[in-house]
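Just below is one structure, and these are the notes that go with it.
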Amino acid sequence: MQDLVDGALGRINSAATAADLEAVRVDVLGRKGVLSQLSKDMGKLTPDERVARGKFINAAKLALEGAWETLKNRFESEALAARLNSEWLDLTVPAPGVRPGALHPITQIQWEIEDLFRSLGFSVLDGPEVETEHHNFDALNIPQDHPARDMQDTFWLDAGGPLGRFLLRTHTSPVQVRGMEKLQLPLRMIAPGRVFRNESVDASHEHTFYQLEGMMIDKDVSVGNLIYFMKTLLGAIFKRDVTVRLRPGYFPFVEPGFELDIRCLICGGPGCPVCKQSGWVELLPCGLVNPHVLKMSGIDPTKWNGFAFGLGLTRLVMMRYAIDDIRWLQSSDLRFLRQFGQ
Amino acid sequence: MKFSYNWIREFVPGLEVDPHSLERLITMKTAECDGIAVSGELLKGAVLARVLEVENIEGQKNVKALVDAGPYGMKTVVCGAANCRAGIITAYVPLGIKTVSGIESDGMLAAADELDINRDHAGILELTADTVLPPVDHAIEIDNKSITHRPDLWGHHGMAREVAAITGHPLRDPADLSLLPPLGSPVQIEIEDFHLCPRYSALVFDNVTVQPSPLWLQARLTAAGLNTKNNIVDLSNYLMAELAQPTHAFDRAKLAGATIFARPAREGESIVALNDETYHLSPANLVIADASGPIAIAGVIGGRDSAISAVTTSIVFESANFNASSVRRTSSALKIRTDASMRFEKAQDPVNTLRALARALELLPILSPGIRLVGGLADNCAELKVPPTISLDLDWLARKLGRVLDPAEVRRILEALQFKVSDDFEVSVPTWRATKDIAMAEDLVEEVGRMIGYDSIEPQPPLVPCAPSFDPPEREFLRGIRRHYAAQGFTEVSNYSFISEEEAKRFGFAPEDHVRVLNPIAEGQELMRTSLLPGIHRNLVENAKHFEDFRLFEVGREIHLSNGEKPIERPHVVAAIYSRHDDGRAGLMELKRVSGGELRPAAAMAWEHPSRAAEVVKHGQVVGRVFELHPNLIDSGRAAVLYLDLTQLQQLGAAATRYQSVRRFPTSSFDLSVICPAREYAATLETAIRGFAGELAEAVEFVTDYQMPDARKSLSFRIVAGAADRTLAGAEVTAIRERIIEGLRGLHYELLV
Ligand SMILES: [Zn+2]
């Protein structure tokens with residue numbers, strides 16, 4: 001009997017594959033297997049012999065099943081390991097499918113600044129790109145034949161008909177006028193958008209570029225308020241503390257008018273090529289709104305006043321990304337634009 | 001405009017500030033400086049020198065000169081000037097020894113342009129023993145835009161006034177009005193319209209010698225960026241650069257009659273100007289005329305025929321004031337801008353005409369020794385406006401600036417700028433600031449603010465009401481559009497608002513349907529775009545040179561004529577998918593997906609692939625098109641394009657979300673395959689099936705299509721049937737299926753059942 005069991009054990013242990021093992025299992029542990037044979041003559045045995053035989057069979061069963069199980073587990077884990085090994089993948093190949101898109105860098109910076117202003121309670125307004133002479137010039141205190149009109153070379157449009165002379169807005173300031181006509185006082189508003197100047201295009205000049213105009217009308221707005229506001233705003237835009245200075249600047253729609261410079265962010269003051277060795281970079285025009293402008297928009301300048309400023313979005317984009325040629329921005333060249341994808 | 005540092009210092013005695021510091025002070029307090037340059041750098045160390053001997057150098061144009069260079073001793077200098085000859089007195093510049101033409105040359109002999117005296121480079125200077133060489137100077141360049149509002153700053157004396165006020169020095173006035181003779185000139189002045197010409201003053205001189213000006217005067221003009229010509233013309237420029245008052249000298253012998261007229265040009269009149277150009281005039285142009293016709297375009301340019309020449313011996317020297325708008329209109333209509341017109345269009349002070357004549361009376365005897373004044377002053381003048389007086393409330397001023405002010409300091413600043421200030425701060429504006437510049441109290445805020453320095457004002461947070469901002473919904477909508485397309489892999493491009501006539505025609509748009517640019521900057525930018533397609537087309541063609549596959553989009557405005565009214569701007573989005581190698585199907589389907597609408601077959605436009613064009617329909621309304629670009633418009637590859645009207649799209653809006661109860665009873669579904677002609681639209685069949693299926697069909701979904709060997713195709717649909725309140729019985733589902741099959745057969749479709 002022991003030989004029988006040893007023989008079966010030998011067969012199990014010598015199985016080379018999972019299929020062999022399965023065949024042995026049927027022969028050894030199956031209904032007609034070794035264990036069944038051992039219990040075949042149980043009925044003919046004495047009670048004592050039966051007990052002994054039972055023990056023997058149990059022990060043999062445990063031994064055989066154990067051996068089978070061990071081997072089965074080994075075969076399974078070997079098979080799994082082989083499958084996993086065969087499923088090697090190169091995950092360094094580029095992912096297929098659509099590559100990410102990108103917003104235009106002007107859009108990105110415009111949204112960033114819009115969000116900043118909205119957090120400060122400013123409305124974001126939009127205006128037409130084709131403007132009337134009234135909104136672009138007269139209502140901003142730049143009458144016909146005023147030399148200040150030379151400051152902004154204008155594209156004139158023929159739209160037919162008797163009133164047919166229009167222009168492409170030379171600044172986003174006309175939206176100020178529209179804002180004053182539309183919003184309740186006191187008001188805080190910005191107007192970002194595309195503007196046009198009749199200038200030849202080169203590395204630093206474009207006839208089509210983007211500006212953001214801002215205005216706040218309230219009671220007793222002071223130059224001190226304007227400085228505070230600009231400092232806060234620019235600190236948020238450049239994400240660091242900025243030093244600003246105001247110096248006189250002439251813009252007919254403000255009085256007094258300023259050029260605002262910031263301490264050079266590259267050299268911090270001692271001078272470098274970016275600031276032309278001056279330590280300062282001219283950044284934006286601003287000022288207290290000229291009473292004539294308020295009056296022309298139906299606001300009583302003895303009760304209300306405020307400040308206005310203009311921010312060059314195109315310029316800001318060029319500063320932030322160190323773009324050396326303004327023409328890239330209107331190039332629609334994906335070699336350039338894809339660099340701004342997230 | 002360029003300012004000579006020496007010239008400014010002449011009017012601000014005791015000014016110790018160096019040129020660079022002065023430039024910074026002016027930038028911070030008055031006007032923006034564009035830069036600073038040394039004028040006459042070589043004048044440093046230059047001396048008079050006598051040429052003693054000149055020797056030719058074999059085979060060379062240059063000569064070898066022995067010169068007596070005064071304090072530097074005898075020097076051998078190689079010189080290339082044709083006029084270098086023994087005996088002349090010239091200027092010697094010690095530059096050290098250098099080998100020229102094989103000879104050691106010690107220093108150089110200078111031409112006038114090398115010393116920035118004038119622009120003459122014909123030969124070395126020929127001087128007299130008593131010549132004094134001018135000193136080295138610095139030219140400070142001021143940005144013209146920053147003094148547009150300041151007629152007074154177009155002359156050195158005006159800038160000197162600022163410098164004196166900034167530094168606290170006294171200001172010297174170069175014009176001594178007591179020099180002027182009483183009225184009584186041999187010429188009469190007739191002014192037709194005092195609005196156009198508020199003042200015309202003149203003096204007559206004879207015994208005039210036309211000759212070069214002294215070097216110091218030439219050097220000043222050169223530093224200020226002006227040309228030199230002869231003493232009379234130079235004087236005119238000198239007065240303009242000093243006092244901002246343009247003047248002009250006529251050769252009296254060339255004038256017809258003794259009356260000078262300031263009048264509108266007569267129809268058909270013309271003039272040959274000093275620049276040798278002929279100008280055809282109209283009554284919109286003010287002219288100066290004698291009995292025979294125009295002798296100058298008022299405020300712009302003199303006439304050639306009455307100009308000063310070498311033989312001039314008698315002159316009429318005029319100093320006038322003209323209406324700023326009129327000068328500006330004439331100068332832009334005739335396309336001629338001069339130093340004079342630039343000043344007059346800033347609104348000059350009529351008081352200034354006499355100041356210029358007084359200064360001329362002082363300088364002419366120096367420039368033309370022996371010159372004689374003939375008779376007295378001619379001066380025809382409108383009643384001059386009294387400059388305004390402005391009440392300055394110091395509390396108000398402090399509130400505007402946001403800083404407490406010492407009344408004594410405010411007074412000191414205004415008085416230094418030559419405002420008159422009464423005890424209770426009634427401020428009188430000086431005439432040269434009253435023409436256009438200063439009229440209200442806000443203007444005084446600037447005067448005080450810039451002089452105290454804006455850096456002396458503490459930043460203060462404004463107190464503002466806590467109120468929600470007003471945000472037009474279209475901005476958020478446009479943001480959503482941009483975000484959507486960028487998220488779907490499209491890169492945002494930005495095209496000009498201009499297109500060319502040729503581009504318009506290529507797309508079949510009539511040029512006359514466009515708003516036209518009257519002064520286009522370049523060829524190809526003469527029309528305002530009525531479609532974003534020409535731009536996107538250009539982008540597709542250009543980017544296809546670098547990429548095999550790409551997606552791009554633009555949000556921009558179409559600009560349309562509106563019956564002569566203000567043109568209409570319509571925002572659109574255009575998105576395009578380019579692929580060099582595939583059959584174009586994928587791109588179109590992808591655009592259909594991102595459009596979020598349904599596509600309805602439509603007749604193709606000229607620029608569309610005739611068999612691949614459809615309208616985009618949303619909530620039953622056409623909002624745009626999807627199409628493949630016509631192969632004529634693109635050399636290789638295929639471009640699928642989506643074009644949507646954003647105004648329409650926004651108006652449709654997003655339907656308000658409303659919860660519907662989730663179904664509780666199971667549905668049953670079955671598939672049907674319909675055989676149909678190759679060009680049958682799936683949407684047609686889907687609609688038909690929906691109709692036959694009735695209300696219990698929850699969904700009819702396209703599953704797949706299959707091309708049959710006989711050029712027909714089979715389209716498979718899955719029909720899902722169910723009811724909200726129960727599970728459908730098998731018989732009910734079968735009935736739906738039978739109805740559909742029967743209905744389709746009625747329409748002569750075969751079914752693969
Ligand atoms: Zn720097």
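By convention here, the chains of the structure tokens are called A, B, ... in the order presented, each chain's residues are numbered starting at 1, and ligands are numbered starting at 1 in the order presented.
For ligand 1, the neighbouring protein, DNA and RNA residues, which are those within 7 Å when only C-alpha atoms and all ligand atoms are counted, are Cys264, Leu265, Ile266, Cys267, Gly268, Gly269, Pro270, Gly271, Cys272, Pro273, Val274, Cys275, Lys276, Gln277, Ser278, Gly279 and Trp280 of chain A.
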Take the residues just selected and output them with N, CA, C and O atoms as a JSON list (two decimals), in the first residue's frame.
[["chain", "number", "residue", "atom", "x", "y", "z"],
["A", 264, "CYS", "N", 13.11, 98.70, -12.85],
["A", 264, "CYS", "CA", 13.46, 97.60, -13.76],
["A", 264, "CYS", "C", 13.45, 96.25, -13.02],
["A", 264, "CYS", "O", 14.12, 96.09, -12.00],
["A", 265, "LEU", "N", 12.68, 95.31, -13.55],
["A", 265, "LEU", "CA", 12.55, 94.00, -12.89],
["A", 265, "LEU", "C", 13.76, 93.12, -13.20],
["A", 265, "LEU", "O", 13.97, 92.10, -12.57],
["A", 266, "ILE", "N", 14.54, 93.50, -14.18],
["A", 266, "ILE", "CA", 15.71, 92.70, -14.56],
["A", 266, "ILE", "C", 16.90, 93.05, -13.66],
["A", 266, "ILE", "O", 17.49, 92.18, -13.05],
["A", 267, "CYS", "N", 17.21, 94.33, -13.58],
["A", 267, "CYS", "CA", 18.42, 94.72, -12.83],
["A", 267, "CYS", "C", 18.08, 95.28, -11.45],
["A", 267, "CYS", "O", 18.96, 95.39, -10.60],
["A", 268, "GLY", "N", 16.83, 95.63, -11.24],
["A", 268, "GLY", "CA", 16.44, 96.16, -9.94],
["A", 268, "GLY", "C", 16.90, 97.58, -9.68],
["A", 268, "GLY", "O", 16.76, 98.08, -8.57],
["A", 269, "GLY", "N", 17.45, 98.25, -10.68],
["A", 269, "GLY", "CA", 17.78, 99.66, -10.46],
["A", 269, "GLY", "C", 19.12, 100.14, -10.99],
["A", 269, "GLY", "O", 19.19, 101.22, -11.56],
["A", 270, "PRO", "N", 20.18, 99.36, -10.85],
["A", 270, "PRO", "CA", 21.49, 99.90, -11.27],
["A", 270, "PRO", "C", 21.59, 100.17, -12.77],
["A", 270, "PRO", "O", 22.46, 100.93, -13.18],
["A", 271, "GLY", "N", 20.72, 99.57, -13.56],
["A", 271, "GLY", "CA", 20.77, 99.82, -15.01],
["A", 271, "GLY", "C", 21.21, 98.58, -15.77],
["A", 271, "GLY", "O", 22.08, 97.83, -15.32],
["A", 272, "CYS", "N", 20.54, 98.33, -16.90],
["A", 272, "CYS", "CA", 20.87, 97.18, -17.75],
["A", 272, "CYS", "C", 20.31, 97.48, -19.13],
["A", 272, "CYS", "O", 19.65, 98.50, -19.32],
["A", 273, "PRO", "N", 20.58, 96.63, -20.12],
["A", 273, "PRO", "CA", 20.09, 96.94, -21.48],
["A", 273, "PRO", "C", 18.57, 97.06, -21.56],
["A", 273, "PRO", "O", 18.05, 97.87, -22.32],
["A", 274, "VAL", "N", 17.84, 96.25, -20.78],
["A", 274, "VAL", "CA", 16.37, 96.29, -20.87],
["A", 274, "VAL", "C", 15.84, 97.67, -20.49],
["A", 274, "VAL", "O", 14.93, 98.20, -21.12],
["A", 275, "CYS", "N", 16.40, 98.29, -19.46],
["A", 275, "CYS", "CA", 15.92, 99.61, -19.02],
["A", 275, "CYS", "C", 16.77, 100.71, -19.62],
["A", 275, "CYS", "O", 16.71, 101.85, -19.19],
["A", 276, "LYS", "N", 17.56, 100.38, -20.61],
["A", 276, "LYS", "CA", 18.46, 101.35, -21.25],
["A", 276, "LYS", "C", 19.28, 102.07, -20.20],
["A", 276, "LYS", "O", 19.46, 103.29, -20.25],
["A", 277, "GLN", "N", 19.75, 101.32, -19.22],
["A", 277, "GLN", "CA", 20.65, 101.81, -18.16],
["A", 277, "GLN", "C", 20.00, 102.81, -17.22],
["A", 277, "GLN", "O", 20.68, 103.40, -16.38],
["A", 278, "SER", "N", 18.68, 103.00, -17.33],
["A", 278, "SER", "CA", 18.07, 104.05, -16.49],
["A", 278, "SER", "C", 17.56, 103.49, -15.17],
["A", 278, "SER", "O", 17.28, 104.23, -14.25],
["A", 279, "GLY", "N", 17.40, 102.17, -15.08],
["A", 279, "GLY", "CA", 16.85, 101.59, -13.85],
["A", 279, "GLY", "C", 15.34, 101.59, -13.82],
["A", 279, "GLY", "O", 14.73, 101.02, -12.92],
["A", 280, "TRP", "N", 14.69, 102.23, -14.82],
["A", 280, "TRP", "CA", 13.23, 102.33, -14.86],
["A", 280, "TRP", "C", 12.71, 101.88, -16.21],
["A", 280, "TRP", "O", 13.38, 102.08, -17.23]]
- Message: Could you tell me which residues of chain B sit within 7 Å of chain A when counting only C-alpha atoms, and give me the result as an MDAnalysis selection string?
- Response: chainID B and resid 28:31 145:146 148 325 328:329 345:346 399:402 442:443 445:446 450 454:455 457:462 467:472 486:496 515:519 521 539 543 561 563:565 567
- Item | d(CA of Cys197 (chain B), CA of Asn323 (chain B)) in Å | 6.0 Å
- Task: Can you pull out every residue within 9 Å of Leu644 (chain B), counting only C-alpha atoms, but drop anything in the same chain fewer than 4 positions away, and send it as a ChimeraX atom specification?
- Result: /B:571-575,595,616,623-626,648-649
- Looking at only C-alpha atoms, which of B:Ala723, B:Leu180, B:Glu190, B:Ala682 is the one that sits closest to Thr704 (chain B)?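 Residue with the minimum atom-to-atom distance to Thr704 (chain B): B:Ala682.
The interatomic distance for the pair CA of Ala307 (chain B) and CA of Ala340 (chain B) works out to 15.9 Å.
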- Task: DSSP on the backbone, then: every residue of region 23-110 of chain B marked strand (DSSP E), written as a PyMOL selection string.
- Result: chain B and resi 33-39+47-56+63-68+74-79+89-100+103-109
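The spacing separating CA of Ser331 (chain B) from CA of Arg252 (chain B) amounts to 25.9 Å.
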- Note on the structure: Using only C-alpha atoms, the residue out of B:Ala258, B:Gln211, B:Ala735, B:His248 with shortest distance to Val300 (chain B) is B:His248
- Find the residues near Ala604 (chain B): any atom within 10 Å, counting only C-alpha atoms, skip ones fewer than 3 places away on the same chain, and give them as a ChimeraX atom specification. /B:601,607-615,625,627-628,630
Write the residues of the preceding selection, restricted to N, CA and C atoms, as a PDB file, in the first residue's frame.
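Output below, filename again.pdb:
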ATOM      1  N   PRO B 601     -27.547  68.411 -44.454  1.00  0.00           N
ATOM      2  CA  PRO B 601     -26.915  68.566 -45.769  1.00  0.00           C
ATOM      3  C   PRO B 601     -27.269  69.921 -46.378  1.00  0.00           C
ATOM      4  N   TRP B 607     -16.144  77.947 -51.908  1.00  0.00           N
ATOM      5  CA  TRP B 607     -14.883  77.533 -51.295  1.00  0.00           C
ATOM      6  C   TRP B 607     -14.992  76.175 -50.602  1.00  0.00           C
ATOM      7  N   GLU B 608     -16.158  75.510 -50.767  1.00  0.00           N
ATOM      8  CA  GLU B 608     -16.371  74.253 -50.061  1.00  0.00           C
ATOM      9  C   GLU B 608     -16.292  73.067 -51.011  1.00  0.00           C
ATOM     10  N   HIS B 609     -15.859  71.949 -50.505  1.00  0.00           N
ATOM     11  CA  HIS B 609     -15.874  70.682 -51.238  1.00  0.00           C
ATOM     12  C   HIS B 609     -17.337  70.412 -51.602  1.00  0.00           C
ATOM     13  N   PRO B 610     -17.649  70.259 -52.896  1.00  0.00           N
ATOM     14  CA  PRO B 610     -19.062  70.217 -53.308  1.00  0.00           C
ATOM     15  C   PRO B 610     -19.840  69.063 -52.681  1.00  0.00           C
ATOM     16  N   SER B 611     -19.171  67.989 -52.282  1.00  0.00           N
ATOM     17  CA  SER B 611     -19.909  66.859 -51.701  1.00  0.00           C
ATOM     18  C   SER B 611     -19.736  66.759 -50.196  1.00  0.00           C
ATOM     19  N   ARG B 612     -19.047  67.744 -49.620  1.00  0.00           N
ATOM     20  CA  ARG B 612     -18.792  67.642 -48.183  1.00  0.00           C
ATOM     21  C   ARG B 612     -19.068  68.982 -47.511  1.00  0.00           C
ATOM     22  N   ALA B 613     -20.313  69.341 -47.453  1.00  0.00           N
ATOM     23  CA  ALA B 613     -20.676  70.599 -46.814  1.00  0.00           C
ATOM     24  C   ALA B 613     -22.005  70.408 -46.107  1.00  0.00           C
ATOM     25  N   ALA B 614     -22.147  70.982 -44.959  1.00  0.00           N
ATOM     26  CA  ALA B 614     -23.400  70.854 -44.210  1.00  0.00           C
ATOM     27  C   ALA B 614     -23.603  72.058 -43.316  1.00  0.00           C
ATOM     28  N   GLU B 615     -24.852  72.287 -43.001  1.00  0.00           N
ATOM     29  CA  GLU B 615     -25.165  73.338 -42.040  1.00  0.00           C
ATOM     30  C   GLU B 615     -25.143  72.748 -40.636  1.00  0.00           C
ATOM     31  N   ARG B 625     -21.633  76.380 -40.366  1.00  0.00           N
ATOM     32  CA  ARG B 625     -21.390  75.357 -41.379  1.00  0.00           C
ATOM     33  C   ARG B 625     -20.188  74.514 -41.019  1.00  0.00           C
ATOM     34  N   PHE B 627     -17.527  72.047 -43.287  1.00  0.00           N
ATOM     35  CA  PHE B 627     -17.238  71.659 -44.669  1.00  0.00           C
ATOM     36  C   PHE B 627     -15.765  71.308 -44.800  1.00  0.00           C
ATOM     37  N   GLU B 628     -15.474  70.636 -45.909  1.00  0.00           N
ATOM     38  CA  GLU B 628     -14.069  70.449 -46.248  1.00  0.00           C
ATOM     39  C   GLU B 628     -13.700  71.561 -47.215  1.00  0.00           C
ATOM     40  N   HIS B 630     -12.369  73.436 -50.285  1.00  0.00           N
ATOM     41  CA  HIS B 630     -12.271  73.008 -51.678  1.00  0.00           C
ATOM     42  C   HIS B 630     -10.806  72.726 -52.028  1.00  0.00           C
TER      43      HIS B 630
END
- Where in region 80-176 of chain A does DSSP assign helix (DSSP H, G or I), given as number ranges by chain? A: 80-86, 105-119, 133-136, 138-140, 147-151, 173-176
- Task: Excluding Gly10 (chain A) and any residue of its chain fewer than 5 positions from it, enumerate the residues within 10 Å of it, using only C-alpha atoms, and give them as an MDAnalysis selection string.
- Result: chainID A and resid 4:5 15 64 67
I'd like the contact shell of region 418-426 of chain B - 6 Å cut-off, only C-alpha atoms, skipping same-chain residues fewer than 3 positions apart - returned as a tab-separated table (two decimals) with all heavy atoms, in the first residue's frame.
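Ended up saving to result10.tsv:
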chain	number	residue	atom	x	y	z
B	390	ILE	N	-7.79	131.85	-12.14
B	390	ILE	CA	-8.36	130.62	-11.60
B	390	ILE	C	-8.31	130.67	-10.08
B	390	ILE	O	-7.26	130.96	-9.51
B	390	ILE	CB	-7.56	129.39	-12.10
B	390	ILE	CG1	-7.62	129.31	-13.63
B	390	ILE	CG2	-8.07	128.10	-11.47
B	390	ILE	CD1	-6.64	128.33	-14.23
B	391	SER	N	-9.47	130.40	-9.44
B	391	SER	CA	-9.48	130.34	-7.97
B	391	SER	C	-8.96	128.97	-7.56
B	391	SER	O	-9.51	127.95	-7.98
B	391	SER	CB	-10.89	130.49	-7.42
B	391	SER	OG	-11.43	131.69	-7.89
B	392	LEU	N	-7.94	128.96	-6.77
B	392	LEU	CA	-7.37	127.69	-6.34
B	392	LEU	C	-7.72	127.45	-4.87
B	392	LEU	O	-7.26	128.18	-3.99
B	392	LEU	CB	-5.86	127.68	-6.55
B	392	LEU	CG	-5.17	126.36	-6.26
B	392	LEU	CD1	-5.73	125.24	-7.12
B	392	LEU	CD2	-3.67	126.48	-6.49
B	414	LEU	N	4.05	128.17	-8.08
B	414	LEU	CA	3.30	128.87	-9.14
B	414	LEU	C	4.04	130.13	-9.57
B	414	LEU	O	4.11	130.45	-10.76
B	414	LEU	CB	1.89	129.16	-8.66
B	414	LEU	CG	1.01	127.91	-8.48
B	414	LEU	CD1	-0.32	128.28	-7.84
B	414	LEU	CD2	0.77	127.22	-9.83
B	415	GLU	N	4.61	130.83	-8.60
B	415	GLU	CA	5.31	132.06	-8.96
B	415	GLU	C	6.59	131.77	-9.73
B	415	GLU	O	6.97	132.53	-10.63
B	415	GLU	CB	5.58	132.90	-7.71
B	415	GLU	CG	4.27	133.54	-7.22
B	415	GLU	CD	4.43	134.38	-5.96
B	415	GLU	OE1	5.51	134.33	-5.32
B	415	GLU	OE2	3.45	135.08	-5.60
B	429	VAL	N	-3.00	133.25	-15.10
B	429	VAL	CA	-2.21	132.39	-15.98
B	429	VAL	C	-1.37	133.27	-16.90
B	429	VAL	O	-1.88	134.22	-17.50
B	429	VAL	CB	-3.15	131.51	-16.82
B	429	VAL	CG1	-2.36	130.59	-17.73
B	429	VAL	CG2	-4.09	130.73	-15.92
B	430	PRO	N	-0.08	133.01	-17.03
B	430	PRO	CA	0.72	133.80	-17.97
B	430	PRO	C	0.26	133.55	-19.42
B	430	PRO	O	-0.26	132.48	-19.74
B	430	PRO	CB	2.15	133.28	-17.76
B	430	PRO	CG	2.05	132.02	-16.99
B	430	PRO	CD	0.72	131.99	-16.32
- Task: Point out the residue among A:Met296, A:Ala18, A:Leu283, A:Ile142 with the least atom-to-atom distance to Val177 (chain A), counting only C-alpha atoms.
- Result: A:Met296
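Each of B:Ser497, B:Ser282, B:Thr684, B:Thr530 was compared to Leu334 (chain B) using only C-alpha atoms, and B:Ser282 turns out to be the nearest.
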- Task: Determine, counting only C-alpha atoms, which protein, DNA and RNA residues have an atom within 6 Å of an atom of region 191-195 of chain B; residues of the same chain fewer than 5 positions away are not included. Present the result as a ChimeraX atom specification.
- Result: /B:261-263,382
- Message: Taking only C-alpha atoms into account, name the residue in B:Val386, B:Leu397, B:Phe322, B:Pro94 that is nearest to Ala434 (chain B).
- Response: B:Val386
- Find the residue from A:Leu294, A:Leu45, A:Leu71, A:Met1 that sits nearest to Arg178 (chain A); use only C-alpha atoms when measuring. A:Leu294
